[in-house]
file start34.txt (compact mmCIF, C-alpha atoms and all ligand atoms)
# COMPACT_ATOMS: atom_id res chain seq x y z
CA MET A 1 25.07 5.54 10.34
CA LYS A 2 21.94 3.44 10.96
CA TYR A 3 18.57 4.56 9.64
CA ALA A 4 14.99 3.59 10.50
CA ILE A 5 11.85 4.60 8.61
CA VAL A 6 8.41 3.96 10.08
CA ILE A 7 5.36 4.31 7.81
CA PRO A 8 1.94 4.55 9.47
CA ASP A 9 0.09 4.06 6.17
CA GLY A 10 -2.50 6.71 5.35
CA CYS A 11 -2.28 8.30 8.82
CA ALA A 12 -2.48 11.93 7.60
CA ASP A 13 -6.04 13.14 8.12
CA GLU A 14 -8.38 16.01 9.00
CA PRO A 15 -9.91 17.21 12.28
CA GLN A 16 -12.67 14.86 13.45
CA ALA A 17 -15.84 15.84 15.27
CA SER A 18 -15.70 12.46 17.05
CA LEU A 19 -12.19 13.33 18.32
CA ALA A 20 -13.17 16.73 19.71
CA GLY A 21 -11.92 18.53 16.63
CA LYS A 22 -8.52 16.83 16.59
CA THR A 23 -6.91 14.81 13.82
CA PRO A 24 -6.17 11.15 14.69
CA LEU A 25 -2.47 12.04 15.02
CA GLN A 26 -3.33 14.86 17.43
CA ALA A 27 -5.73 12.70 19.42
CA ALA A 28 -3.36 9.74 19.78
CA HIS A 29 -1.14 9.36 22.84
CA LYS A 30 2.19 9.01 20.99
CA PRO A 31 5.10 10.09 23.21
CA ASN A 32 7.74 8.57 20.93
CA MET A 33 6.58 10.29 17.75
CA ASP A 34 6.40 13.54 19.69
CA ARG A 35 9.90 12.99 21.05
CA ILE A 36 11.18 12.70 17.48
CA ALA A 37 9.34 15.94 16.66
CA GLN A 38 10.88 17.71 19.65
CA MET A 39 14.43 16.43 19.01
CA GLY A 40 14.34 17.07 15.29
CA ILE A 41 12.23 18.44 12.48
CA VAL A 42 8.56 18.21 11.57
CA GLY A 43 7.84 19.09 7.95
CA TRP A 44 5.62 18.18 5.06
CA SER A 45 6.13 16.38 1.78
CA ASN A 46 4.04 15.68 -1.25
CA ASN A 47 4.49 12.06 -2.30
CA VAL A 48 1.86 11.90 -5.04
CA PRO A 49 2.30 14.00 -8.21
CA ALA A 50 -1.00 15.53 -9.36
CA SER A 51 -1.13 13.41 -12.52
CA LEU A 52 -1.00 10.08 -10.63
CA THR A 53 -3.61 8.30 -8.50
CA PRO A 54 -2.94 8.69 -4.76
CA ALA A 55 -2.07 5.25 -3.39
CA SER A 56 0.72 3.41 -1.60
CA ASP A 57 2.50 2.40 -4.82
CA VAL A 58 3.23 5.90 -6.09
CA ALA A 59 3.59 7.38 -2.61
CA THR A 60 5.97 4.66 -1.40
CA LEU A 61 8.24 5.13 -4.41
CA SER A 62 8.47 8.83 -3.49
CA LEU A 63 9.08 8.08 0.15
CA PHE A 64 11.88 5.66 -0.79
CA GLY A 65 13.56 8.35 -2.87
CA TYR A 66 12.42 7.60 -6.43
CA ASP A 67 10.51 9.99 -8.70
CA PRO A 68 7.25 8.19 -9.58
CA LEU A 69 6.89 10.34 -12.68
CA GLU A 70 10.05 8.63 -13.98
CA VAL A 71 9.73 5.06 -12.73
CA TYR A 72 6.08 4.20 -12.02
CA THR A 73 4.43 1.71 -14.41
CA GLY A 74 1.44 0.55 -12.32
CA ARG A 75 0.61 -1.00 -9.00
CA ALA A 76 0.33 -4.65 -9.91
CA PRO A 77 3.90 -5.06 -11.27
CA LEU A 78 5.20 -3.98 -7.85
CA GLU A 79 3.04 -6.61 -6.17
CA ALA A 80 4.19 -9.22 -8.68
CA ALA A 81 7.77 -8.51 -7.58
CA ALA A 82 6.81 -9.11 -3.95
CA MET A 83 5.12 -12.38 -4.89
CA GLY A 84 8.25 -13.54 -6.74
CA ILE A 85 6.51 -13.47 -10.13
CA ALA A 86 8.86 -12.42 -12.93
CA LEU A 87 7.44 -10.34 -15.78
CA GLY A 88 8.74 -10.51 -19.36
CA ALA A 89 8.83 -7.53 -21.71
CA ASP A 90 5.38 -8.29 -23.19
CA ASP A 91 3.75 -9.28 -19.90
CA TRP A 92 1.29 -7.24 -17.85
CA ALA A 93 0.45 -7.66 -14.18
CA ILE A 94 -3.10 -6.73 -13.16
CA ARG A 95 -4.40 -6.50 -9.61
CA CYS A 96 -7.25 -8.94 -9.02
CA ASN A 97 -9.24 -8.06 -5.89
CA LEU A 98 -11.87 -10.38 -4.49
CA VAL A 99 -14.69 -7.95 -3.75
CA THR A 100 -18.28 -7.89 -2.54
CA VAL A 101 -20.65 -6.16 -4.94
CA GLU A 102 -24.22 -5.81 -3.72
CA ASP A 103 -27.06 -4.06 -5.57
CA GLU A 104 -24.43 -3.27 -8.23
CA GLN A 105 -22.50 -1.18 -5.68
CA MET A 106 -18.98 -1.69 -4.34
CA ARG A 107 -19.91 -2.87 -0.85
CA ASP A 108 -16.51 -4.17 0.25
CA PHE A 109 -13.23 -4.03 -1.66
CA THR A 110 -11.83 -6.73 0.67
CA ALA A 111 -14.67 -9.29 0.52
CA GLY A 112 -14.85 -9.18 4.31
CA HIS A 113 -11.04 -9.31 4.65
CA ILE A 114 -11.28 -12.78 3.20
CA SER A 115 -8.87 -15.32 4.69
CA ASN A 116 -5.86 -16.51 2.70
CA ALA A 117 -7.32 -20.03 2.52
CA ASP A 118 -10.72 -18.88 1.22
CA GLY A 119 -9.12 -16.48 -1.24
CA LYS A 120 -6.76 -19.16 -2.55
CA ALA A 121 -9.59 -21.64 -3.11
CA LEU A 122 -11.64 -19.06 -5.03
CA LEU A 123 -8.64 -18.02 -7.15
CA GLU A 124 -8.01 -21.65 -8.04
CA SER A 125 -11.56 -22.00 -9.35
CA ILE A 126 -11.16 -18.79 -11.32
CA GLN A 127 -7.87 -19.98 -12.78
CA GLN A 128 -9.53 -23.25 -13.85
CA SER A 129 -12.38 -21.47 -15.62
CA LEU A 130 -10.82 -18.25 -16.87
CA GLY A 131 -7.07 -18.99 -16.95
CA GLY A 132 -5.19 -20.12 -20.02
CA THR A 133 -5.32 -18.76 -23.54
CA ALA A 134 -7.01 -15.40 -24.04
CA GLN A 135 -7.98 -14.87 -27.69
CA VAL A 136 -8.14 -11.14 -27.49
CA VAL A 137 -5.58 -9.62 -29.81
CA ASP A 138 -5.63 -11.91 -32.79
CA ALA A 139 -5.31 -15.63 -33.25
CA SER A 140 -1.63 -15.35 -34.20
CA ALA A 141 -0.60 -13.67 -30.94
CA PRO A 142 -2.90 -14.79 -28.14
CA GLY A 143 -1.93 -14.04 -24.59
CA ARG A 144 -2.12 -16.39 -21.63
CA LEU A 145 -3.91 -15.58 -18.39
CA GLU A 146 -2.53 -16.66 -15.00
CA PHE A 147 -4.43 -15.98 -11.77
CA HIS A 148 -2.16 -15.98 -8.71
CA ALA A 149 -3.45 -16.07 -5.13
CA GLY A 150 -1.80 -13.48 -2.86
CA VAL A 151 -2.62 -12.31 0.65
CA SER A 152 -6.33 -12.13 1.55
CA TYR A 153 -8.28 -10.16 -1.08
CA ARG A 154 -5.09 -8.98 -2.83
CA ASN A 155 -4.54 -11.32 -5.76
CA LEU A 156 -2.95 -10.97 -9.15
CA LEU A 157 -3.70 -11.65 -12.80
CA VAL A 158 -0.71 -11.95 -15.11
CA TYR A 159 -1.19 -11.54 -18.84
CA ARG A 160 1.65 -13.31 -20.65
CA GLY A 161 1.85 -11.62 -24.04
CA SER A 162 3.65 -12.40 -27.26
CA GLY A 163 3.70 -9.07 -29.00
CA PRO A 164 2.18 -5.70 -28.20
CA GLY A 165 -0.88 -7.12 -26.40
CA PRO A 166 -4.28 -5.57 -25.78
CA PHE A 167 -3.35 -3.01 -23.10
CA SER A 168 -1.64 0.37 -23.28
CA ASP A 169 -0.99 3.46 -21.16
CA GLN A 170 -4.50 4.51 -22.17
CA THR A 171 -6.11 1.54 -20.39
CA LYS A 172 -7.98 3.06 -17.44
CA THR A 173 -9.07 1.09 -14.37
CA GLN A 174 -10.50 2.02 -10.99
CA PRO A 175 -9.07 1.17 -7.55
CA PRO A 176 -12.04 -0.43 -5.78
CA HIS A 177 -11.08 1.00 -2.36
CA ASP A 178 -11.80 4.49 -3.69
CA ILE A 179 -15.43 3.80 -4.65
CA PRO A 180 -17.01 2.62 -1.38
CA ASP A 181 -20.76 2.04 -1.76
CA ARG A 182 -20.74 3.60 -5.22
CA PRO A 183 -22.30 2.10 -8.38
CA ILE A 184 -19.71 -0.05 -10.14
CA ALA A 185 -21.19 0.66 -13.60
CA ASP A 186 -19.60 4.14 -13.49
CA HIS A 187 -16.15 2.71 -12.75
CA LEU A 188 -15.58 -0.27 -15.07
CA PRO A 189 -12.33 -0.56 -17.10
CA ARG A 190 -12.10 1.72 -20.14
CA GLY A 191 -9.82 1.97 -23.16
CA PRO A 192 -7.56 -0.62 -24.84
CA GLY A 193 -8.05 -4.13 -23.46
CA SER A 194 -11.00 -3.10 -21.29
CA ALA A 195 -13.34 -5.50 -23.09
CA LEU A 196 -11.21 -8.42 -21.87
CA LEU A 197 -11.06 -7.07 -18.31
CA GLN A 198 -14.80 -6.43 -18.19
CA LYS A 199 -15.51 -9.89 -19.59
CA LEU A 200 -13.34 -11.59 -16.94
CA MET A 201 -14.96 -9.57 -14.15
CA GLN A 202 -18.43 -10.43 -15.42
CA GLU A 203 -17.68 -14.13 -15.88
CA SER A 204 -16.18 -14.42 -12.41
CA ARG A 205 -19.62 -13.71 -10.97
CA SER A 206 -21.17 -17.00 -12.05
CA ILE A 207 -18.05 -18.94 -10.98
CA LEU A 208 -18.22 -17.48 -7.49
CA ARG A 209 -21.99 -17.31 -6.97
CA ASP A 210 -22.59 -20.81 -5.65
CA HIS A 211 -18.99 -21.64 -4.79
CA PRO A 212 -18.78 -23.80 -1.62
CA VAL A 213 -16.35 -21.32 -0.07
CA ASN A 214 -18.85 -18.49 -0.50
CA LEU A 215 -21.76 -20.59 0.76
CA ALA A 216 -19.75 -21.44 3.88
CA ARG A 217 -18.82 -17.78 4.35
CA GLN A 218 -22.46 -16.70 4.17
CA LYS A 219 -23.41 -19.42 6.64
CA ARG A 220 -20.85 -17.95 9.07
CA GLY A 221 -22.26 -14.47 8.49
CA GLU A 222 -19.23 -13.35 6.48
CA ALA A 223 -19.29 -11.34 3.25
CA PRO A 224 -19.11 -13.48 0.10
CA ALA A 225 -16.62 -12.63 -2.64
CA THR A 226 -19.11 -11.95 -5.41
CA GLN A 227 -16.63 -11.21 -8.20
CA ILE A 228 -13.09 -10.22 -9.10
CA TRP A 229 -12.18 -6.57 -9.70
CA LEU A 230 -9.29 -5.93 -12.10
CA TRP A 231 -7.19 -2.77 -11.87
CA GLY A 232 -3.68 -1.36 -11.33
CA GLN A 233 -2.29 -2.90 -14.53
CA GLY A 234 1.25 -2.30 -15.71
CA ARG A 235 4.43 -3.72 -17.16
CA ALA A 236 7.65 -4.39 -15.23
CA PRO A 237 9.32 -1.17 -14.04
CA HIS A 238 13.06 -0.58 -14.17
CA LEU A 239 14.42 0.72 -10.90
CA ARG A 240 18.10 1.39 -10.15
CA PRO A 241 19.06 -0.45 -6.94
CA PHE A 242 18.88 1.67 -3.79
CA ALA A 243 22.43 0.65 -2.83
CA GLN A 244 23.64 2.10 -6.14
CA VAL A 245 21.66 5.32 -5.91
CA TYR A 246 22.02 6.01 -2.17
CA GLY A 247 24.85 3.70 -1.05
CA LYS A 248 22.89 2.03 1.76
CA ARG A 249 21.73 -1.56 2.28
CA GLY A 250 18.03 -1.54 3.08
CA ALA A 251 15.41 -3.95 4.41
CA ILE A 252 11.63 -3.80 4.34
CA ILE A 253 9.17 -5.12 6.91
CA SER A 254 5.57 -5.03 5.67
CA ALA A 255 2.60 -7.37 5.40
CA VAL A 256 1.46 -5.70 2.19
CA ASP A 257 2.70 -7.19 -1.08
CA LEU A 258 2.69 -3.81 -2.77
CA VAL A 259 5.00 -2.14 -0.28
CA ARG A 260 7.26 -5.20 -0.04
CA GLY A 261 7.37 -5.26 -3.84
CA VAL A 262 8.70 -1.73 -4.03
CA GLY A 263 11.38 -2.65 -1.50
CA VAL A 264 12.30 -5.86 -3.32
CA LEU A 265 12.59 -4.03 -6.65
CA LEU A 266 14.99 -1.55 -4.99
CA GLY A 267 17.14 -4.46 -3.85
CA TRP A 268 16.09 -4.31 -0.20
CA THR A 269 15.91 -7.48 1.88
CA ARG A 270 12.38 -8.62 2.53
CA ILE A 271 11.92 -9.53 6.21
CA ASP A 272 8.76 -11.55 6.90
CA VAL A 273 7.28 -11.30 10.38
CA ALA A 274 4.93 -13.94 11.78
CA GLY A 275 1.76 -12.27 12.98
CA ALA A 276 1.98 -9.30 10.57
CA THR A 277 -1.45 -9.20 8.93
CA GLY A 278 -1.75 -5.90 7.07
CA TYR A 279 -4.77 -5.19 9.24
CA LEU A 280 -5.75 -3.80 12.65
CA ASP A 281 -5.00 -7.11 14.35
CA THR A 282 -1.36 -7.11 13.27
CA ASP A 283 1.34 -8.02 15.80
CA TYR A 284 2.89 -4.58 16.29
CA ALA A 285 5.42 -5.75 18.87
CA ALA A 286 6.71 -8.50 16.56
CA LYS A 287 7.29 -5.92 13.85
CA GLY A 288 9.08 -3.67 16.33
CA ARG A 289 11.36 -6.53 17.41
CA ALA A 290 12.08 -7.43 13.79
CA GLY A 291 12.92 -3.79 13.04
CA VAL A 292 15.37 -3.62 15.95
CA ALA A 293 16.98 -6.95 14.97
CA THR A 294 17.36 -5.87 11.34
CA LEU A 295 19.44 -2.85 12.38
CA GLN A 296 22.23 -5.33 13.17
CA THR A 297 22.56 -6.42 9.57
CA HIS A 298 21.41 -3.49 7.44
CA ASP A 299 22.12 0.23 7.14
CA LEU A 300 18.43 1.07 6.82
CA VAL A 301 15.29 -0.67 7.97
CA CYS A 302 11.79 0.37 6.97
CA VAL A 303 8.78 -0.78 8.99
CA HIS A 304 5.46 -0.26 7.23
CA VAL A 305 2.12 -0.64 9.04
CA GLU A 306 -1.12 -0.83 7.08
CA ALA A 307 -3.53 -0.72 10.04
CA SER A 308 -3.98 3.08 10.11
CA ASP A 309 -4.97 3.08 6.44
CA GLU A 310 -7.43 0.22 6.87
CA ALA A 311 -9.05 2.04 9.80
CA SER A 312 -9.63 5.02 7.50
CA HIS A 313 -11.12 2.86 4.77
CA GLU A 314 -13.56 1.58 7.38
CA GLY A 315 -14.29 5.11 8.61
CA ARG A 316 -13.26 4.24 12.19
CA ALA A 317 -11.58 7.20 13.88
CA ASP A 318 -11.12 5.37 17.19
CA ALA A 319 -9.43 2.42 15.48
CA LYS A 320 -7.12 4.81 13.63
CA VAL A 321 -6.08 6.47 16.89
CA LYS A 322 -5.49 3.07 18.48
CA ALA A 323 -3.36 1.91 15.53
CA LEU A 324 -1.19 5.02 15.83
CA GLU A 325 -0.75 4.44 19.57
CA GLU A 326 0.28 0.82 18.98
CA ILE A 327 2.80 1.88 16.32
CA ASP A 328 4.22 4.49 18.68
CA ARG A 329 4.52 2.14 21.62
CA HIS A 330 5.58 -1.13 20.00
CA ILE A 331 7.57 -0.03 16.95
CA ILE A 332 8.88 3.52 17.28
CA GLY A 333 9.65 3.20 21.00
CA PRO A 334 11.90 0.13 20.65
CA LEU A 335 13.62 1.59 17.57
CA LEU A 336 14.36 4.84 19.42
CA THR A 337 15.85 2.84 22.27
CA ALA A 338 17.96 0.61 20.02
CA LEU A 339 19.27 3.08 17.45
CA PRO A 340 21.77 4.98 19.64
CA SER A 341 23.55 1.73 20.54
CA HIS A 342 24.76 1.61 16.92
CA GLY A 343 26.56 4.97 17.11
CA GLU A 344 25.29 7.50 14.59
CA TRP A 345 21.62 7.11 13.72
CA ARG A 346 18.55 8.75 12.23
CA ILE A 347 14.80 8.00 12.23
CA LEU A 348 12.03 9.15 9.92
CA VAL A 349 8.29 8.81 10.54
CA SER A 350 5.99 9.52 7.63
CA PRO A 351 2.86 8.13 6.05
CA ASP A 352 2.93 7.49 2.34
CA HIS A 353 -0.29 9.33 1.46
CA ARG A 354 -3.37 10.83 3.10
CA THR A 355 -6.46 8.69 3.77
CA PRO A 356 -9.13 10.98 5.23
CA LEU A 357 -11.79 9.27 7.35
CA ARG A 358 -14.34 11.61 5.75
CA THR A 359 -14.01 10.05 2.28
CA ARG A 360 -12.61 6.64 3.38
CA ALA A 361 -10.40 6.93 0.29
CA HIS A 362 -6.81 7.90 -0.52
CA ALA A 363 -6.20 11.57 -1.32
CA HIS A 364 -3.65 13.87 -2.90
CA GLY A 365 -1.95 16.44 -0.71
CA ALA A 366 0.95 16.98 1.66
CA VAL A 367 1.64 14.58 4.52
CA PRO A 368 3.50 15.36 7.76
CA PHE A 369 6.89 13.83 8.48
CA ALA A 370 9.17 13.91 11.53
CA LEU A 371 12.85 13.12 11.45
CA ALA A 372 15.53 13.19 14.10
CA GLY A 373 18.94 11.84 14.96
CA THR A 374 22.64 12.52 14.51
CA GLY A 375 23.39 15.92 13.02
CA ILE A 376 19.78 17.12 13.02
CA SER A 377 19.06 20.01 15.36
CA SER A 378 15.72 20.71 16.94
CA LYS A 379 13.42 23.31 15.47
CA GLY A 380 11.51 23.55 18.73
CA GLN A 381 8.34 21.93 17.42
CA CYS A 382 6.24 20.22 20.05
CA SER A 383 4.22 17.53 18.28
CA TYR A 384 4.11 15.31 15.21
CA ASP A 385 0.85 16.19 13.49
CA GLU A 386 -0.70 17.80 10.43
CA VAL A 387 -0.99 21.30 11.93
CA VAL A 388 2.63 21.54 13.10
CA ALA A 389 3.73 20.20 9.68
CA ALA A 390 1.63 22.71 7.76
CA GLU A 391 3.19 25.56 9.74
CA SER A 392 6.72 24.23 9.17
CA ASP A 393 9.11 25.97 6.79
CA VAL A 394 10.58 22.57 5.86
CA GLY A 395 8.76 20.99 2.96
CA CYS A 396 9.38 18.80 -0.08
CA GLU A 397 7.06 19.57 -2.97
CA LYS A 398 8.71 16.58 -4.65
CA GLY A 399 8.47 13.89 -2.00
CA HIS A 400 11.33 11.82 -3.42
CA GLU A 401 13.78 14.57 -2.44
CA LEU A 402 13.17 13.89 1.26
CA MET A 403 15.27 10.67 1.17
CA ARG A 404 18.48 12.55 0.33
CA ARG A 405 17.80 15.00 3.15
CA PHE A 406 17.09 12.14 5.56
CA LEU A 407 20.25 10.22 4.67
CA GLY A 408 22.30 13.43 5.02
ZN ZN B 1 -5.33 2.28 1.53
call {"tool": "encode", "arguments": {"input": "start34.txt", "output": "structure tokens"}}
result
Amino acid sequence: MKYAIVIPDGCADEPQASLAGKTPLQAAHKPNMDRIAQMGIVGWSNNVPASLTPASDVATLSLFGYDPLEVYTGRAPLEAAAMGIALGADDWAIRCNLVTVEDEQMRDFTAGHISNADGKALLESIQQSLGGTAQVVDASAPGRLEFHAGVSYRNLLVYRGSGPGPFSDQTKTQPPHDIPDRPIADHLPRGPGSALLQKLMQESRSILRDHPVNLARQKRGEAPATQIWLWGQGRAPHLRPFAQVYGKRGAIISAVDLVRGVGVLLGWTRIDVAGATGYLDTDYAAKGRAGVATLQTHDLVCVHVEASDEASHEGRADAKVKALEEIDRHIIGPLLTALPSHGEWRILVSPDHRTPLRTRAHAHGAVPFALAGTGISSKGQCSYDEVVAAESDVGCEKGHELMRRFLG
């Protein structure tokens, strides 16, 4: 059996006044998603346990069939895996966003979707000034700080420890994408090790203020990266390989380090696609072609698209609808055409978590899924959307249980 999973990140939403009272999923012209709904089952699942922050890390683990309450250690370690950075037992990975803070408010958690080249240059300056030995625990066991450039605003700080280190499970940090236009003073790191994190964030300001890259950005009318924002810290997680747990060879197609990292840690093959940006301008068709091609070599291929989530963070209902239509046309359509040529097959469409346009932030709560294929009979549902899912008698309170149902 061949399996395809398509993740329109953060697509689950609420009715929008600007969409005549429809949710983005309801407003989108998406014949292929609706065909899956009509052939198979629309249901709901809850991918984010109440005690964890709603985001793609936790939600993706659930969607891939792992209980986040058992295996989740933090967001940054998953991204480290995707970036090929190994973590030792005393090491911590910490997400290091380049952000734009203005009037002491979080104006843009992406620093104007900063380019890879600009981000890399800024991270190099930060590494030069702030990297190296961190005398934070005691002189006998200092840690070392490594700043690694990633994709766009998504960079990483690695704390190489020798001993227990300054952080613990009680270290609390704030995802910057969940505090749009809010005062940062209310959301600074707290608890063990927070003094170090706050100090690094503060010191990054003077390094970046008159940096040539930022001056050039402002000249072009682009947002400057005014500081780093540290969050999502954690140690290396231990995940049993997917092939061992579920007996299938998987592959992941995503432009987002975090999602790729989860796949890589499960033992999935990472397929890189030229033109995949993690944003609204991504090359949907290239991802669709890569998904179809990967079916030849793997039992399961997962295509993740970030664009729908980014549209929500920007509060753009029309862009969210457009992203869903592109996913439907260029990714789900070709997969639906190709799958039957492999004999038995199944497809699952589901976002990881909700990202309501109203709050422009991730949210807890059930998300709709649609699955169809060999051995799955139709429940007579007409459309893939939040309302049909909410009325469905098929639901997974523990989202990680959906994978077993999907694989059959
Ligand atoms: Zn998001």
call {"tool": "closest_residue", "arguments": {"input": "start34.txt", "among": "A:Leu230, A:Leu123, A:Leu336, A:Leu371", "to": "Gly408 of chain A", "atoms": "all atoms listed in the file"}}
result
A:Leu371
call {"tool": "residues_around", "arguments": {"input": "start34.txt", "residues": "Gln127 of chain A", "least_positions_apart": "2", "cutoff": "9 Å", "atoms": "only C-alpha atoms", "output": "PyMOL selection string"}}
result
chain A and resi 122-125+129-132+145-148
call {"tool": "closest_atom_pairs", "arguments": {"input": "start34.txt", "of": "segment 72-163 of chain A", "to": "segment 206-229 of chain A", "cutoff": "9 Å", "atoms": "all atoms listed in the file", "output": "CSV"}}
result
residue,atom,partner,partner_atom,distance
A:Arg95,CA,A:Trp229,CA,7.8
A:Cys96,CA,A:Trp229,CA,5.5
A:Asn97,CA,A:Trp229,CA,5.0
A:Leu98,CA,A:Ile228,CA,4.8
A:Val99,CA,A:Ala225,CA,5.2
A:Thr100,CA,A:Ala225,CA,5.0
A:Val101,CA,A:Thr226,CA,6.0
A:Glu102,CA,A:Thr226,CA,8.2
A:Asp108,CA,A:Ala223,CA,8.3
A:Phe109,CA,A:Trp229,CA,8.5
A:Thr110,CA,A:Ala225,CA,8.3
A:Ala111,CA,A:Ala225,CA,5.0
A:Gly112,CA,A:Ala223,CA,5.1
A:His113,CA,A:Ala223,CA,8.6
A:Ile114,CA,A:Ala225,CA,7.9
A:Asp118,CA,A:Val213,CA,6.3
A:Gly119,CA,A:Ala225,CA,8.5
A:Ala121,CA,A:Val213,CA,7.4
A:Leu122,CA,A:Leu208,CA,7.2
A:Ser125,CA,A:Ile207,CA,7.4
A:Ile126,CA,A:Ile207,CA,6.9
A:Ser129,CA,A:Ile207,CA,7.8
A:Tyr153,CA,A:Ala225,CA,8.8
call {"tool": "residues_near_ligand", "arguments": {"input": "start34.txt", "ligand": "ligand ZN 1 (chain B)", "cutoff": "8 Å", "atoms": "all atoms listed in the file", "output": "list in words"}}
result
Asp9, Gly10, Ala55, Ser56, His177, Glu306, Asp309, Glu310, Ser312, His313, Thr355, Ala361 and His362 of chain A
call {"tool": "write_last_selection", "arguments": {"input": "start34.txt", "atoms": "C-alpha atoms", "output": "PDB file, keeping the file's coordinate frame"}}
result
ATOM      1  CA  ASP A   9       0.090   4.060   6.170  1.00  0.00           C
ATOM      2  CA  GLY A  10      -2.500   6.710   5.350  1.00  0.00           C
ATOM      3  CA  ALA A  55      -2.070   5.250  -3.390  1.00  0.00           C
ATOM      4  CA  SER A  56       0.720   3.410  -1.600  1.00  0.00           C
ATOM      5  CA  HIS A 177     -11.080   1.000  -2.360  1.00  0.00           C
ATOM      6  CA  GLU A 306      -1.120  -0.830   7.080  1.00  0.00           C
ATOM      7  CA  ASP A 309      -4.970   3.080   6.440  1.00  0.00           C
ATOM      8  CA  GLU A 310      -7.430   0.220   6.870  1.00  0.00           C
ATOM      9  CA  SER A 312      -9.630   5.020   7.500  1.00  0.00           C
ATOM     10  CA  HIS A 313     -11.120   2.860   4.770  1.00  0.00           C
ATOM     11  CA  THR A 355      -6.460   8.690   3.770  1.00  0.00           C
ATOM     12  CA  ALA A 361     -10.400   6.930   0.290  1.00  0.00           C
ATOM     13  CA  HIS A 362      -6.810   7.900  -0.520  1.00  0.00           C
TER      14      HIS A 362
END
call {"tool": "closest_residue", "arguments": {"input": "start34.txt", "among": "A:Glu203, A:Pro54, A:Glu397, A:Val151", "to": "Pro175 of chain A", "atoms": "only C-alpha atoms"}}
result
A:Pro54
call {"tool": "atom_distance", "arguments": {"input": "start34.txt", "atom1": "atom CA of Asn116 of chain A", "atom2": "atom CA of Val58 of chain A"}}
result
25.7 Å
call {"tool": "atom_distance", "arguments": {"input": "start34.txt", "atom1": "atom CA of Asp90 of chain A", "atom2": "atom CA of Phe242 of chain A"}}
result
25.6 Å
call {"tool": "closest_residue", "arguments": {"input": "start34.txt", "among": "A:Asp385, A:Asp103, A:Asp281, A:Glu79", "to": "Ala12 of chain A", "atoms": "all atoms listed in the file"}}
result
A:Asp385
